[in-house]
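**Student:** The structure is given below, and queries will be raised subsequently.
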Amino acid sequence: MSPTKRPKERIGVYVCHCGSNIAGVVDVAEVSAWAGKELEQDGVVVARDYKFMCSSLGQELIERDIKEKGLTRVVVAACSPHLHEPTFRAACARAGVNPYLFEMTNIREQDSWVTTDKIEATKKAKALIAAAVGRVAYQKPLESLYVPIDPNVLVVGGGVTGIQAALEIANSGQHVYLVEREPSIGGHMAQFDKTFPTLDCSACILTPKMFDAGNHKNITLLTWSEVEKVEGYIGNFTVTIRKRARYIDESLCTGCGVCWEKCPKKVVDPVFEAGLGYRKAVYVPFPQAVPKYPVIDRENCTYYLKGTCKACEKFCPTGAIKFDQQDEILTVKVGNIILATGYDLFDARKIPNYGYGRLPNVFTSLEFERMTNAAGPTLGKVVLRDGVTQPKSVAIIHCVGSRDKNYNNYCSGICCMQSLKFAHLVKEKTGGEVYQFYIDMRTPGKTYDEFYQRIIQEGANMIRGKVAEITDTARHPSEEGKLIVQVEDTLVGKQRRIPVDMVVLSAGLEARADAKEVAQKFGISCSADDWFIERHPKLDPVATMTDGVFVAGACQGPKDIPASVAQGAAAAARVLSIIGQGEIEIEAATAIVDEATCVGCKECIASCPYQAIQYLEDKGKAYVQEALCKGCGTCVGTCLPKSISLKHFTDEQIVAEMIGAMQTMKSFETVEAA
Amino acid sequence: MYEPKIIGFLCNWCSYRGADTAGMARMKYPPNVKIIRVPCSGRISPELVLRTFREGADGVMVLGCHIGDCHYSTGNHRTAKRMPVLKKLLEYSGIESERLYINWVSAAEGEKFATVIKDFTEQISALPPFVETMK
């Protein structure tokens, strides 16, 4: 497997300073001089170092050398190819060199940023450049393949982010499948009463959007549905969706509400009402639900449990109840996918010293949201768990499950503002005392800090300190019958015990419990905290490493409503720009079989994750269908007679790269020994 | 004391990005490992590893996505099956099997990447240079 005779190529090597990012650690002038001299025998005809290779001047430098010095191959040593490989490939193409005759080596993320010793970093840069030069001579021009883009789009998640994305795309004239797991779209925002910092009524600003999404001619709304399988690639995804049985015939149902009025079975609603209120066994989660059709909760419905009742069926004026309805499996074709699957609330039971679940008057933020909602279980009254007593004092605890190494290290971003909103609502609705327990206040949004100042003016007591414990064990007669918040007030520098009637835990945001599973389904990655990973944290915040799959809103990390809406629209814009192109370039580095040596053992066929390899019965050979091949090269690793090769990652290219690195490392040893 | 020469074959989507993540966080680790980017760890045939030892490498690393996270869905399943067999083959041929290292590093695991590189470099430093083993 030694490389064949080295082709005579004219190679240019460009070493980037990246300001001081590389040049501060790697001696770039020394590296480029070394490459020009030591790698001359390998075909290097020019080696330069430049302040910023990615700048237009840097790119022009390459283009000029290609034309003036007749370069046939180009190597750039700079940052990660994930950042700038497309930039330099394009520069090469402009000057007439096939983009696959370019090779990039990473001397920033994988050298200058991680190596302490400057001499060692410089040596590593040389070895990496020698490796790239080693391989580039063997690289072959490849022609890009183009496939048409299916203009239909799948949006997963019908919260405010998904609704925004779906509406943007639908308004532009493209078709959207909007899939939501719950019976109605609306997401967490539909549960809230007021939104910070403007105190806009959440329902008033959301329901028009929900209505539009539910009635748009370009949106197919699939609620009570989940994506089961995703196959294909950008432009050509095939998605299998399970539309769960509602046990309601949507073509007959008018949403009149007789069924849930007549249903005798009351069930605690753990989802929409956060466990604070009831719904019926046949229900819509809230009055403004979109679509208007109810769902029968099979696990709690008396008919399914005992075989009798059918009150809903009896009273339904249109005969829409269908107890024998089955799940439907739909298959749709889309070109792009936007994931807007949102977040889960941190489970406050995980912090036993805060007493949630044990002390009745400790509430979560979501429970409090429902409580303050005029359409909620208490009709907007702030009351204790008994449902009648108005609290005279309320403690609001920030950072519950956030910024805490025992739970989540990150800041959930929204809780400071949410807690300030709660303080305002408590003041407005009860006139009682409010205590805010915070570690640091974080109010960086537009008009957010002004809201903070306003809440202080309204008389909220701000106590800086992380709450140690919430207890009902009184130490003093004044604490009898109260919840006592034990905290070190770090501004005063002493321990305090503050008795209150009610505690609200501003629980942090977490990735969805099944985020990992969903990520695997769509072929994207999760961070250590299970948030979906974007392609680039700053410059490509809604794309993912999988082309055609985008993420938006809180599934990518904690976000408030304005940021989520902005991302929903951003993802839509990205998708529309791809649809507008009409076709898209796909992987040119596919596998190919050498029929002369293929023995027809079919091992490659078994190893291929995409069923892209066929067995040609007449010839007794394997055959790769290029349009299906994604270029992973697993077949190449499996093939015993070495009959399959992967374009752009041939054995010859990889071995030449390895030898380049090895020989350089060995040459340093010889120098040191001498 | 010698400076071990190590080649790391990293998949493009998880481990190579994990190495980038370590870089972005400026985590320091020894410079001995030279990274070769491949689309998938499944691309690495046993022959490529053997050829790398033949060239005098003191250690070879194969890093891929965690099982279930593979960008190509199941490419790394092959790595997981193939590399342990190769380790046995190395042992059988009189080459210390710990010279070949297989692990899974995700794009988010910069810290794990730096630790893996440090640990493996130390592990190889404790062995004699590969060329001496072969004498």
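We name chains A, B, ... following the order of the structure tokens; residues begin at 1 in each chain, and ligands are numbered from 1 as shown.
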So that I can check the secondary structure, give me every residue of region 442-581 of chain A assigned alpha helix (DSSP H) by backbone DSSP, as a PyMOL selection string.

**Tutor:** chain A and resi 448-457+515-522+561-581

**Student:** How about saving the chosen residues, C-alpha atoms kept, as a compact mmCIF listing (two decimals), in the first residue's frame?

**Tutor:**
```txt
# COMPACT_ATOMS: atom_id res chain seq x y z
CA TYR A 448 -34.66 44.54 30.50
CA ASP A 449 -32.63 46.48 33.02
CA GLU A 450 -35.22 49.25 33.00
CA PHE A 451 -37.76 46.58 34.00
CA TYR A 452 -35.45 45.49 36.83
CA GLN A 453 -35.26 49.09 38.10
CA ARG A 454 -39.02 49.37 37.89
CA ILE A 455 -39.56 46.24 40.00
CA ILE A 456 -37.17 47.60 42.66
CA GLN A 457 -39.18 50.82 42.64
CA ALA A 515 -33.18 15.35 23.07
CA LYS A 516 -30.44 12.77 22.48
CA GLU A 517 -32.86 10.36 20.85
CA VAL A 518 -34.23 13.13 18.64
CA ALA A 519 -30.70 14.24 17.71
CA GLN A 520 -29.86 10.70 16.62
CA LYS A 521 -33.05 10.47 14.59
CA PHE A 522 -32.16 13.63 12.66
CA ILE A 561 -39.22 34.58 23.50
CA PRO A 562 -37.63 37.36 21.40
CA ALA A 563 -34.51 35.27 20.78
CA SER A 564 -36.57 32.19 19.97
CA VAL A 565 -38.74 34.05 17.48
CA ALA A 566 -35.64 35.56 15.87
CA GLN A 567 -34.10 32.12 15.48
CA GLY A 568 -37.30 30.66 14.07
CA ALA A 569 -37.29 33.37 11.41
CA ALA A 570 -33.55 32.93 10.86
CA ALA A 571 -33.90 29.20 10.26
CA ALA A 572 -36.74 29.91 7.84
CA ALA A 573 -34.54 32.37 5.95
CA ARG A 574 -31.75 29.80 5.69
CA VAL A 575 -34.17 27.20 4.36
CA LEU A 576 -35.69 29.62 1.86
CA SER A 577 -32.26 30.53 0.54
CA ILE A 578 -31.57 26.85 -0.11
CA ILE A 579 -34.95 26.36 -1.79
CA GLY A 580 -34.23 29.44 -3.90
CA GLN A 581 -31.06 27.83 -5.25
```

**Student:** Write out as a PyMOL selection string each polymer residue whose atoms come within 8 Å of Asn218 (chain A), counting only C-alpha atoms; drop sequence neighbours fewer than 5 positions from it.

**Tutor:** chain A and resi 170-171+173-176

**Student:** Given only C-alpha atoms, how would the per-residue table for chain A near chain B read, listing every residue at most 6 Å away with its closest atom pair and distance in Å to one decimal, sorted by chain and number, as a tab-separated table?

**Tutor:**
```
residue	atom	partner	partner_atom	distance
A:Glu109	CA	B:Gly23	CA	4.1
A:Gln110	CA	B:Gly23	CA	5.9
A:Trp113	CA	B:Arg26	CA	5.2
A:Val114	CA	B:Lys28	CA	4.3
A:Thr115	CA	B:Lys28	CA	5.6
A:Gln520	CA	B:Asp69	CA	6.0
A:Ser527	CA	B:Ala108	CA	5.2
A:Pro609	CA	B:Thr74	CA	5.7
A:Cys632	CA	B:Cys40	CA	5.3
A:Gly633	CA	B:Arg43	CA	4.4
A:Thr634	CA	B:Gly42	CA	4.3
A:Val636	CA	B:Arg43	CA	6.0
A:Gly637	CA	B:Ser45	CA	3.9
```

**Student:** Could you check the closest approach to Val492 (chain A) for each of A:Gly465, A:Pro264, A:Gly508, A:Pro360 and tell me which residue wins, using only C-alpha atoms?

**Tutor:**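 Using only C-alpha atoms, the shortest distance to Val492 (chain A) belongs to A:Gly465.
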
**Student:** Select from region 79-124 of chain B everything DSSP, run on the backbone, classes as strand (DSSP E or B), then give the selection as a list in words.

**Tutor:**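 DSSP-assigned strand (DSSP E or B) residues in region 79-124 of chain B: Leu100, Tyr101, Ile102, Asn103 and Trp104 of chain B.
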
**Student:** Could those selected residues go to a file with N, CA, C and O atoms, as an mmCIF file, in the first residue's frame?

**Tutor:**
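As a result, out-v5.cif now contains:
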```
data_model
loop_
_atom_site.group_PDB
_atom_site.id
_atom_site.type_symbol
_atom_site.label_atom_id
_atom_site.label_comp_id
_atom_site.auth_asym_id
_atom_site.auth_seq_id
_atom_site.Cartn_x
_atom_site.Cartn_y
_atom_site.Cartn_z
ATOM 1 N N LEU B 100 -2.156 0.764 20.208
ATOM 2 C CA LEU B 100 -3.334 1.155 19.420
ATOM 3 C C LEU B 100 -4.437 1.554 20.395
ATOM 4 O O LEU B 100 -4.744 0.807 21.322
ATOM 5 N N TYR B 101 -4.992 2.723 20.169
ATOM 6 C CA TYR B 101 -5.973 3.261 21.111
ATOM 7 C C TYR B 101 -7.256 3.599 20.363
ATOM 8 O O TYR B 101 -7.220 4.244 19.311
ATOM 9 N N ILE B 102 -8.381 3.151 20.894
ATOM 10 C CA ILE B 102 -9.682 3.449 20.285
ATOM 11 C C ILE B 102 -10.550 4.113 21.340
ATOM 12 O O ILE B 102 -10.603 3.660 22.476
ATOM 13 N N ASN B 103 -11.190 5.204 20.968
ATOM 14 C CA ASN B 103 -12.132 5.830 21.898
ATOM 15 C C ASN B 103 -13.138 6.664 21.116
ATOM 16 O O ASN B 103 -12.976 6.892 19.926
ATOM 17 N N TRP B 104 -14.149 7.095 21.818
ATOM 18 C CA TRP B 104 -15.200 7.917 21.205
ATOM 19 C C TRP B 104 -15.151 9.307 21.828
ATOM 20 O O TRP B 104 -15.192 9.455 23.044
#
```

**Student:** How far is it from CA of Leu366 (chain A) to CA of Asp193 (chain A), in Å with one decimal?

**Tutor:**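 Taking CA of Leu366 (chain A) as the start and CA of Asp193 (chain A) as the end point, the length is 10.5 Å.
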
**Student:** Show which residues sit within 10 Å of Thr133 (chain B), as a list in words. Count only C-alpha atoms, and ignore same-chain residues fewer than 3 positions away.

**Tutor:**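 Using only C-alpha atoms, the neighbours found are Asp58, Gly94, Ile95, Glu96, Leu127, Pro128, Pro129 and Phe130 of chain B.
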
**Student:** Export, as a PDB file, in the first residue's frame, the selected residues with C-alpha atoms.

**Tutor:**
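Heads up, here's the output in part.pdb:
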```
ATOM      1  CA  ASP B  58       5.026   4.630  18.431  1.00  0.00           C
ATOM      2  CA  GLY B  94       4.597  -9.237  19.335  1.00  0.00           C
ATOM      3  CA  ILE B  95       3.468  -5.611  19.234  1.00  0.00           C
ATOM      4  CA  GLU B  96       2.096  -4.196  22.498  1.00  0.00           C
ATOM      5  CA  LEU B 127       6.851   2.003  26.302  1.00  0.00           C
ATOM      6  CA  PRO B 128      10.139   1.814  24.402  1.00  0.00           C
ATOM      7  CA  PRO B 129      10.213   3.377  20.920  1.00  0.00           C
ATOM      8  CA  PHE B 130       8.401   1.147  18.443  1.00  0.00           C
TER       9      PHE B 130
END
```

**Student:** Which value, in Å to one decimal, gives the distance between CA of Asn215 (chain A) and CA of Cys555 (chain A)?

**Tutor:**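 Computing the Euclidean distance for CA of Asn215 (chain A) and CA of Cys555 (chain A) yields 25.7 Å.
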
**Student:** Would you pick out the contacts of region 393-399 of chain A at 6 Å or less, using only C-alpha atoms, so that residues sharing its chain but fewer than 4 positions from it are not included, and give the list as an MDAnalysis selection string?

**Tutor:** chainID A and resid 432:438 500:506

**Student:** Restricting the output to all heavy atoms, write the selected residues as a JSON list (two decimals), in the first residue's frame.

**Tutor:**
```json
[["chain", "number", "residue", "atom", "x", "y", "z"],
["A", 432, "GLY", "N", -48.81, 42.00, 48.52],
["A", 432, "GLY", "CA", -47.98, 41.46, 49.60],
["A", 432, "GLY", "C", -46.50, 41.79, 49.44],
["A", 432, "GLY", "O", -46.08, 42.44, 48.49],
["A", 433, "GLU", "N", -45.73, 41.31, 50.42],
["A", 433, "GLU", "CA", -44.27, 41.50, 50.37],
["A", 433, "GLU", "C", -43.67, 40.49, 49.39],
["A", 433, "GLU", "O", -44.11, 39.34, 49.34],
["A", 433, "GLU", "CB", -43.66, 41.24, 51.75],
["A", 433, "GLU", "CG", -43.71, 42.40, 52.73],
["A", 433, "GLU", "CD", -43.03, 43.67, 52.22],
["A", 433, "GLU", "OE1", -41.90, 43.56, 51.67],
["A", 433, "GLU", "OE2", -43.62, 44.76, 52.37],
["A", 434, "VAL", "N", -42.66, 40.93, 48.67],
["A", 434, "VAL", "CA", -41.96, 40.00, 47.77],
["A", 434, "VAL", "C", -40.48, 40.03, 48.10],
["A", 434, "VAL", "O", -39.89, 41.10, 48.26],
["A", 434, "VAL", "CB", -42.14, 40.40, 46.29],
["A", 434, "VAL", "CG1", -41.42, 39.40, 45.40],
["A", 434, "VAL", "CG2", -43.60, 40.47, 45.92],
["A", 435, "TYR", "N", -39.89, 38.85, 48.24],
["A", 435, "TYR", "CA", -38.44, 38.73, 48.45],
["A", 435, "TYR", "C", -37.85, 38.00, 47.26],
["A", 435, "TYR", "O", -38.31, 36.91, 46.91],
["A", 435, "TYR", "CB", -38.14, 37.94, 49.72],
["A", 435, "TYR", "CG", -38.70, 38.58, 50.97],
["A", 435, "TYR", "CD1", -39.98, 38.25, 51.42],
["A", 435, "TYR", "CD2", -37.95, 39.50, 51.69],
["A", 435, "TYR", "CE1", -40.51, 38.83, 52.55],
["A", 435, "TYR", "CE2", -38.46, 40.10, 52.84],
["A", 435, "TYR", "CZ", -39.75, 39.76, 53.27],
["A", 435, "TYR", "OH", -40.27, 40.34, 54.39],
["A", 436, "GLN", "N", -36.84, 38.59, 46.65],
["A", 436, "GLN", "CA", -36.14, 37.94, 45.54],
["A", 436, "GLN", "C", -34.78, 37.48, 46.07],
["A", 436, "GLN", "O", -34.02, 38.28, 46.59],
["A", 436, "GLN", "CB", -35.88, 38.94, 44.40],
["A", 436, "GLN", "CG", -37.12, 39.48, 43.79],
["A", 436, "GLN", "CD", -37.39, 38.87, 42.41],
["A", 436, "GLN", "OE1", -36.63, 38.04, 41.92],
["A", 436, "GLN", "NE2", -38.47, 39.29, 41.81],
["A", 437, "PHE", "N", -34.50, 36.20, 45.92],
["A", 437, "PHE", "CA", -33.20, 35.66, 46.34],
["A", 437, "PHE", "C", -32.40, 35.35, 45.09],
["A", 437, "PHE", "O", -32.77, 34.45, 44.33],
["A", 437, "PHE", "CB", -33.39, 34.41, 47.20],
["A", 437, "PHE", "CG", -34.15, 34.68, 48.46],
["A", 437, "PHE", "CD1", -35.53, 34.63, 48.50],
["A", 437, "PHE", "CD2", -33.46, 35.02, 49.63],
["A", 437, "PHE", "CE1", -36.23, 34.91, 49.67],
["A", 437, "PHE", "CE2", -34.14, 35.29, 50.80],
["A", 437, "PHE", "CZ", -35.54, 35.23, 50.82],
["A", 438, "TYR", "N", -31.32, 36.09, 44.87],
["A", 438, "TYR", "CA", -30.57, 35.94, 43.61],
["A", 438, "TYR", "C", -29.09, 35.76, 43.91],
["A", 438, "TYR", "O", -28.61, 36.13, 44.98],
["A", 438, "TYR", "CB", -30.79, 37.17, 42.72],
["A", 438, "TYR", "CG", -30.21, 38.44, 43.29],
["A", 438, "TYR", "CD1", -28.97, 38.91, 42.87],
["A", 438, "TYR", "CD2", -30.88, 39.17, 44.27],
["A", 438, "TYR", "CE1", -28.42, 40.07, 43.40],
["A", 438, "TYR", "CE2", -30.34, 40.32, 44.82],
["A", 438, "TYR", "CZ", -29.11, 40.77, 44.38],
["A", 438, "TYR", "OH", -28.56, 41.90, 44.92],
["A", 500, "VAL", "N", -42.06, 33.31, 55.10],
["A", 500, "VAL", "CA", -42.99, 33.73, 54.04],
["A", 500, "VAL", "C", -44.16, 32.74, 53.98],
["A", 500, "VAL", "O", -44.08, 31.65, 54.55],
["A", 500, "VAL", "CB", -42.32, 33.78, 52.65],
["A", 500, "VAL", "CG1", -41.28, 34.88, 52.59],
["A", 500, "VAL", "CG2", -41.68, 32.43, 52.30],
["A", 501, "ASP", "N", -45.20, 33.13, 53.23],
["A", 501, "ASP", "CA", -46.35, 32.21, 53.07],
["A", 501, "ASP", "C", -46.18, 31.30, 51.86],
["A", 501, "ASP", "O", -46.69, 30.19, 51.82],
["A", 501, "ASP", "CB", -47.64, 33.02, 52.90],
["A", 501, "ASP", "CG", -47.95, 33.83, 54.14],
["A", 501, "ASP", "OD1", -47.65, 33.33, 55.25],
["A", 501, "ASP", "OD2", -48.47, 34.95, 54.01],
["A", 502, "MET", "N", -45.49, 31.83, 50.85],
["A", 502, "MET", "CA", -45.39, 31.09, 49.58],
["A", 502, "MET", "C", -43.98, 31.23, 49.02],
["A", 502, "MET", "O", -43.35, 32.27, 49.19],
["A", 502, "MET", "CB", -46.40, 31.66, 48.58],
["A", 502, "MET", "CG", -46.36, 31.05, 47.20],
["A", 502, "MET", "SD", -47.28, 32.04, 46.01],
["A", 502, "MET", "CE", -48.74, 31.10, 45.84],
["A", 503, "VAL", "N", -43.50, 30.15, 48.40],
["A", 503, "VAL", "CA", -42.19, 30.19, 47.74],
["A", 503, "VAL", "C", -42.38, 29.81, 46.27],
["A", 503, "VAL", "O", -43.09, 28.84, 45.97],
["A", 503, "VAL", "CB", -41.19, 29.21, 48.40],
["A", 503, "VAL", "CG1", -39.89, 29.14, 47.60],
["A", 503, "VAL", "CG2", -40.90, 29.64, 49.84],
["A", 504, "VAL", "N", -41.78, 30.58, 45.38],
["A", 504, "VAL", "CA", -41.79, 30.22, 43.95],
["A", 504, "VAL", "C", -40.36, 29.93, 43.53],
["A", 504, "VAL", "O", -39.46, 30.75, 43.75],
["A", 504, "VAL", "CB", -42.37, 31.37, 43.09],
["A", 504, "VAL", "CG1", -42.39, 30.96, 41.62],
["A", 504, "VAL", "CG2", -43.77, 31.75, 43.55],
["A", 505, "LEU", "N", -40.15, 28.73, 42.97],
["A", 505, "LEU", "CA", -38.81, 28.33, 42.52],
["A", 505, "LEU", "C", -38.68, 28.65, 41.04],
["A", 505, "LEU", "O", -39.38, 28.08, 40.21],
["A", 505, "LEU", "CB", -38.61, 26.83, 42.75],
["A", 505, "LEU", "CG", -38.79, 26.32, 44.18],
["A", 505, "LEU", "CD1", -38.61, 24.80, 44.22],
["A", 505, "LEU", "CD2", -37.81, 27.00, 45.13],
["A", 506, "SER", "N", -37.77, 29.58, 40.73],
["A", 506, "SER", "CA", -37.54, 29.91, 39.33],
["A", 506, "SER", "C", -36.65, 28.84, 38.72],
["A", 506, "SER", "O", -35.43, 28.97, 38.67],
["A", 506, "SER", "CB", -36.89, 31.29, 39.24],
["A", 506, "SER", "OG", -37.54, 32.05, 38.28]]
```

**Student:** Give me, as a ChimeraX atom specification, all polymer residues having an atom no more than 10 Å from region 295-303 of chain A, counting only C-alpha atoms and skipping those fewer than 2 positions away in the same chain.

**Tutor:** /A:182-184,224,244-248,259-260,263-267,280-285,292-293,305-312,321-323

**Student:** Please dump the current selection as a short mmCIF file (atom, residue, chain, number, x, y, z; two decimals), in the first residue's frame; keep N, CA, C and O atoms.

**Tutor:**
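Output file selection39.cif is given in full below:
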```cif
data_model
loop_
_atom_site.label_atom_id
_atom_site.label_comp_id
_atom_site.auth_asym_id
_atom_site.auth_seq_id
_atom_site.Cartn_x
_atom_site.Cartn_y
_atom_site.Cartn_z
N GLU A 182 -47.90 17.52 21.15
CA GLU A 182 -49.08 17.73 22.01
C GLU A 182 -50.34 17.93 21.14
O GLU A 182 -50.22 18.11 19.93
N PRO A 183 -51.52 17.91 21.77
CA PRO A 183 -52.75 18.07 20.97
C PRO A 183 -52.88 19.44 20.31
O PRO A 183 -53.61 19.58 19.34
N SER A 184 -52.19 20.46 20.86
CA SER A 184 -52.30 21.81 20.28
C SER A 184 -50.92 22.41 20.09
O SER A 184 -49.99 22.09 20.83
N TRP A 224 -50.51 16.13 17.85
CA TRP A 224 -50.64 14.80 18.45
C TRP A 224 -49.89 13.79 17.57
O TRP A 224 -50.30 12.67 17.37
N ARG A 244 -50.92 10.14 15.91
CA ARG A 244 -51.59 9.30 16.89
C ARG A 244 -53.11 9.48 16.82
O ARG A 244 -53.60 10.57 16.49
N ALA A 245 -53.82 8.40 17.16
CA ALA A 245 -55.28 8.45 17.10
C ALA A 245 -55.79 9.43 18.16
O ALA A 245 -55.42 9.33 19.33
N ARG A 246 -56.62 10.37 17.72
CA ARG A 246 -57.29 11.28 18.68
C ARG A 246 -58.58 10.64 19.17
O ARG A 246 -59.18 11.10 20.11
N TYR A 247 -59.05 9.64 18.41
CA TYR A 247 -60.36 9.01 18.60
C TYR A 247 -61.48 10.00 18.28
O TYR A 247 -62.57 9.94 18.82
N ILE A 248 -61.13 10.95 17.42
CA ILE A 248 -62.08 11.98 16.97
C ILE A 248 -61.95 12.06 15.46
O ILE A 248 -60.83 12.12 14.95
N CYS A 259 -68.46 17.36 24.09
CA CYS A 259 -67.86 16.12 24.59
C CYS A 259 -67.13 16.34 25.91
O CYS A 259 -67.31 15.59 26.86
N TRP A 260 -66.32 17.40 26.00
CA TRP A 260 -65.59 17.57 27.25
C TRP A 260 -66.46 18.14 28.37
O TRP A 260 -66.17 17.96 29.52
N CYS A 263 -68.17 14.80 29.53
CA CYS A 263 -67.27 13.74 30.02
C CYS A 263 -67.25 13.76 31.55
O CYS A 263 -66.98 14.80 32.17
N PRO A 264 -67.54 12.64 32.20
CA PRO A 264 -67.63 12.62 33.66
C PRO A 264 -66.25 12.46 34.33
O PRO A 264 -66.16 12.57 35.55
N LYS A 265 -65.19 12.19 33.55
CA LYS A 265 -63.90 11.86 34.16
C LYS A 265 -62.98 13.08 34.23
O LYS A 265 -62.62 13.66 33.21
N LYS A 266 -62.62 13.46 35.47
CA LYS A 266 -61.69 14.58 35.68
C LYS A 266 -60.29 14.03 35.91
O LYS A 266 -60.12 13.07 36.68
N VAL A 267 -59.31 14.60 35.28
CA VAL A 267 -57.94 14.11 35.38
C VAL A 267 -57.02 15.30 35.67
O VAL A 267 -57.22 16.38 35.10
N LYS A 280 -60.63 17.12 31.41
CA LYS A 280 -61.43 15.92 31.28
C LYS A 280 -60.63 14.84 30.55
O LYS A 280 -59.54 15.10 30.05
N ALA A 281 -61.22 13.63 30.47
CA ALA A 281 -60.53 12.56 29.74
C ALA A 281 -60.59 12.79 28.24
O ALA A 281 -59.76 12.31 27.49
N VAL A 282 -61.61 13.54 27.79
CA VAL A 282 -61.58 14.05 26.41
C VAL A 282 -61.39 15.56 26.55
O VAL A 282 -62.09 16.21 27.31
N TYR A 283 -60.40 16.10 25.84
CA TYR A 283 -60.03 17.48 26.17
C TYR A 283 -59.32 18.19 25.03
O TYR A 283 -58.75 17.56 24.14
N VAL A 284 -59.41 19.51 25.09
CA VAL A 284 -58.43 20.35 24.41
C VAL A 284 -57.64 20.98 25.55
O VAL A 284 -58.21 21.29 26.59
N PRO A 285 -56.31 21.15 25.39
CA PRO A 285 -55.52 21.62 26.54
C PRO A 285 -55.93 23.01 27.03
O PRO A 285 -55.82 23.30 28.21
N LYS A 292 -58.76 22.89 16.79
CA LYS A 292 -59.83 22.93 17.80
C LYS A 292 -60.26 21.54 18.25
O LYS A 292 -61.02 21.39 19.19
N TYR A 293 -59.76 20.50 17.54
CA TYR A 293 -60.23 19.13 17.82
C TYR A 293 -59.69 18.60 19.14
O TYR A 293 -58.50 18.70 19.40
N LEU A 305 -61.17 2.01 30.00
CA LEU A 305 -60.82 1.31 31.24
C LEU A 305 -61.85 0.25 31.60
O LEU A 305 -61.51 -0.85 32.01
N LYS A 306 -63.13 0.61 31.45
CA LYS A 306 -64.18 -0.29 31.94
C LYS A 306 -65.13 -0.80 30.86
O LYS A 306 -65.99 -1.65 31.14
N GLY A 307 -65.04 -0.23 29.68
CA GLY A 307 -65.89 -0.70 28.60
C GLY A 307 -67.27 -0.06 28.56
O GLY A 307 -68.09 -0.39 27.69
N THR A 308 -67.55 0.83 29.50
CA THR A 308 -68.84 1.52 29.46
C THR A 308 -68.60 3.01 29.58
O THR A 308 -67.49 3.43 29.90
N CYS A 309 -69.64 3.80 29.38
CA CYS A 309 -69.66 5.27 29.48
C CYS A 309 -70.09 5.83 28.14
O CYS A 309 -71.28 5.99 27.89
N LYS A 310 -69.12 6.11 27.26
CA LYS A 310 -69.42 6.65 25.93
C LYS A 310 -70.28 7.91 25.99
O LYS A 310 -71.07 8.17 25.05
N ALA A 311 -70.18 8.66 27.09
CA ALA A 311 -70.99 9.88 27.20
C ALA A 311 -70.70 10.83 26.05
O ALA A 311 -71.61 11.42 25.45
N CYS A 312 -69.43 10.95 25.71
CA CYS A 312 -69.05 11.87 24.64
C CYS A 312 -69.72 11.49 23.33
O CYS A 312 -70.24 12.33 22.60
N ILE A 321 -67.04 11.13 17.42
CA ILE A 321 -66.24 10.27 18.30
C ILE A 321 -66.03 8.92 17.63
O ILE A 321 -66.98 8.27 17.18
N LYS A 322 -64.77 8.50 17.53
CA LYS A 322 -64.45 7.23 16.87
C LYS A 322 -63.53 6.42 17.79
O LYS A 322 -62.32 6.58 17.75
N PHE A 323 -64.14 5.58 18.63
CA PHE A 323 -63.35 4.84 19.61
C PHE A 323 -62.39 3.84 18.98
O PHE A 323 -61.42 3.43 19.59
#
```

**Student:** Pick out the residues sitting within 9 Å of Asn236 (chain A), and hand them over as an MDAnalysis selection string; count only C-alpha atoms, and ignore anything fewer than 2 positions along from it in its own chain.

**Tutor:** chainID A and resid 147:150 231:234 238 333:336

**Student:** Within 12 Å of Gly553 (chain A), counting only C-alpha atoms, which residues qualify if same-chain residues fewer than 5 places away don't, as a PyMOL selection string?

**Tutor:** chain A and resi 156-165+187-188+338-343+511+531-534+541-542+558-571

**Student:** Please compute the CA of Ser419 (chain A)-CA of Ala507 (chain A) distance, one decimal, in Å.

**Tutor:**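 These atoms are spaced 10.0 Å apart.
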